[in-house]
Amino acid sequence: SVTLVLVKDICKMNASLISLIKFFFNLVLKPDDTFEILIDQSVVSKGSLLEDMVPPVNPPKEIEDPSDKKPDDWDERPKIPDPNAVKPDDWDEDEPSKIEDSDAVKPEGWLDDEPQYVPDPNAKKPKDWDEEMDGEWEAPQIPNPKCETAPGCGHWVRPMKNNPNYKGKWKAPMIDNPNYQGIWSPRKIPNPDYFEDLHPFEMTTVSAVGLELWSMTSDIYFDNFIICSEKEVADRWAADGWGLKKLVASANEPGMFSQLVTAAEDHPWLWVLYILTLALPVGLGVLFCWPAKKTDEDIDFKKPDISKPITKGELKQEREELEDDEIELEEKENEDTAEDGKMSKPPHSLIKYKDMNRTCPWIALPIITDSYLRICKICLALSRLFSLTTSSEWLSVANSSLINTSRK
């Protein structure tokens, strides 16, 4: 018989695979003595039959002698207490670790006669209270309201502090063990059941399949087993059976919108996140892309005079006048800065600002789009997480994690 233990590989499965959906498990043994484990036709593990199997296909050449026993005088201690060490004379083991703080003073306003807790004056005995069965009714205790404004109530006790003379129980320092012999292990002997199969693929005919499940989750079913010598045959058989079931299951799965609504029903605060997600791109779009209102001053300043043609001489004269105006404006700005500490923008700065105002929406549009998509992905992930926690899938994931931990 051939036994393949694949528990280690199955335990490494992603927790998202543990659900009520149908899955297709496939073990492929190849003539080059390698194997592959597939889940839903996707490889999740692969390796060599000679090196990566647990337990190994070929037993070890040597095993520990079951009749060998550790000698009574075998010393495995790497460190031992120093036999020559002596406890100091001033070492007092009776000193406590904490002592009262003699310098502490009771705070002013401390209410010694007031208890820390008092019966609740608003509490009433329940109508169904039976003193013969339940005993005498007492009002529940609440913090004393008089102690809220005071440093404290009740009997004042000095606080404790660390004892500077405390040393604890004396222990001899540790030194290297001169008789240390290392960790004992049984001697090795030849394995009487040893054999070497260099080609484990050439095994005897597989005539049975066994399943051993460690799980606390109910409603786990296995069906439709197939053992064949051609992978193509198994693939066609899986496509005709499991493939159709997967298509039906995928068609019945809720869409993204349904998942968001389901998650919000269990966690109403998600509606706030959804609204912010929709309002953020709209607000940013209005802020950056809405055209600014033009003032009369901007229109008059930027409106060119095209009612009459301009000659080269007039154009040169206008340029010189414009340069003179800019020089005068700069001188005026310097004077205003020296007097009032205020600066005014020249007309060409206003033009650049207006041009930049027209360009900013097109630069910000890709940023807004990318931010919106990222927020949508976060919302979808949160909805899936909360829908998972409210379904039986989360119980399956938790149970499988507990099982994997106990195995380790």
# chains A, B, ... in the order shown; residues from 1 in each chain; ligands from 1
>>> residues_around(residues="Asp33 of chain A", least_positions_apart="5", cutoff="8 Å", atoms="only C-alpha atoms", output="MDAnalysis selection string")
chainID A and resid 48:50 199:201
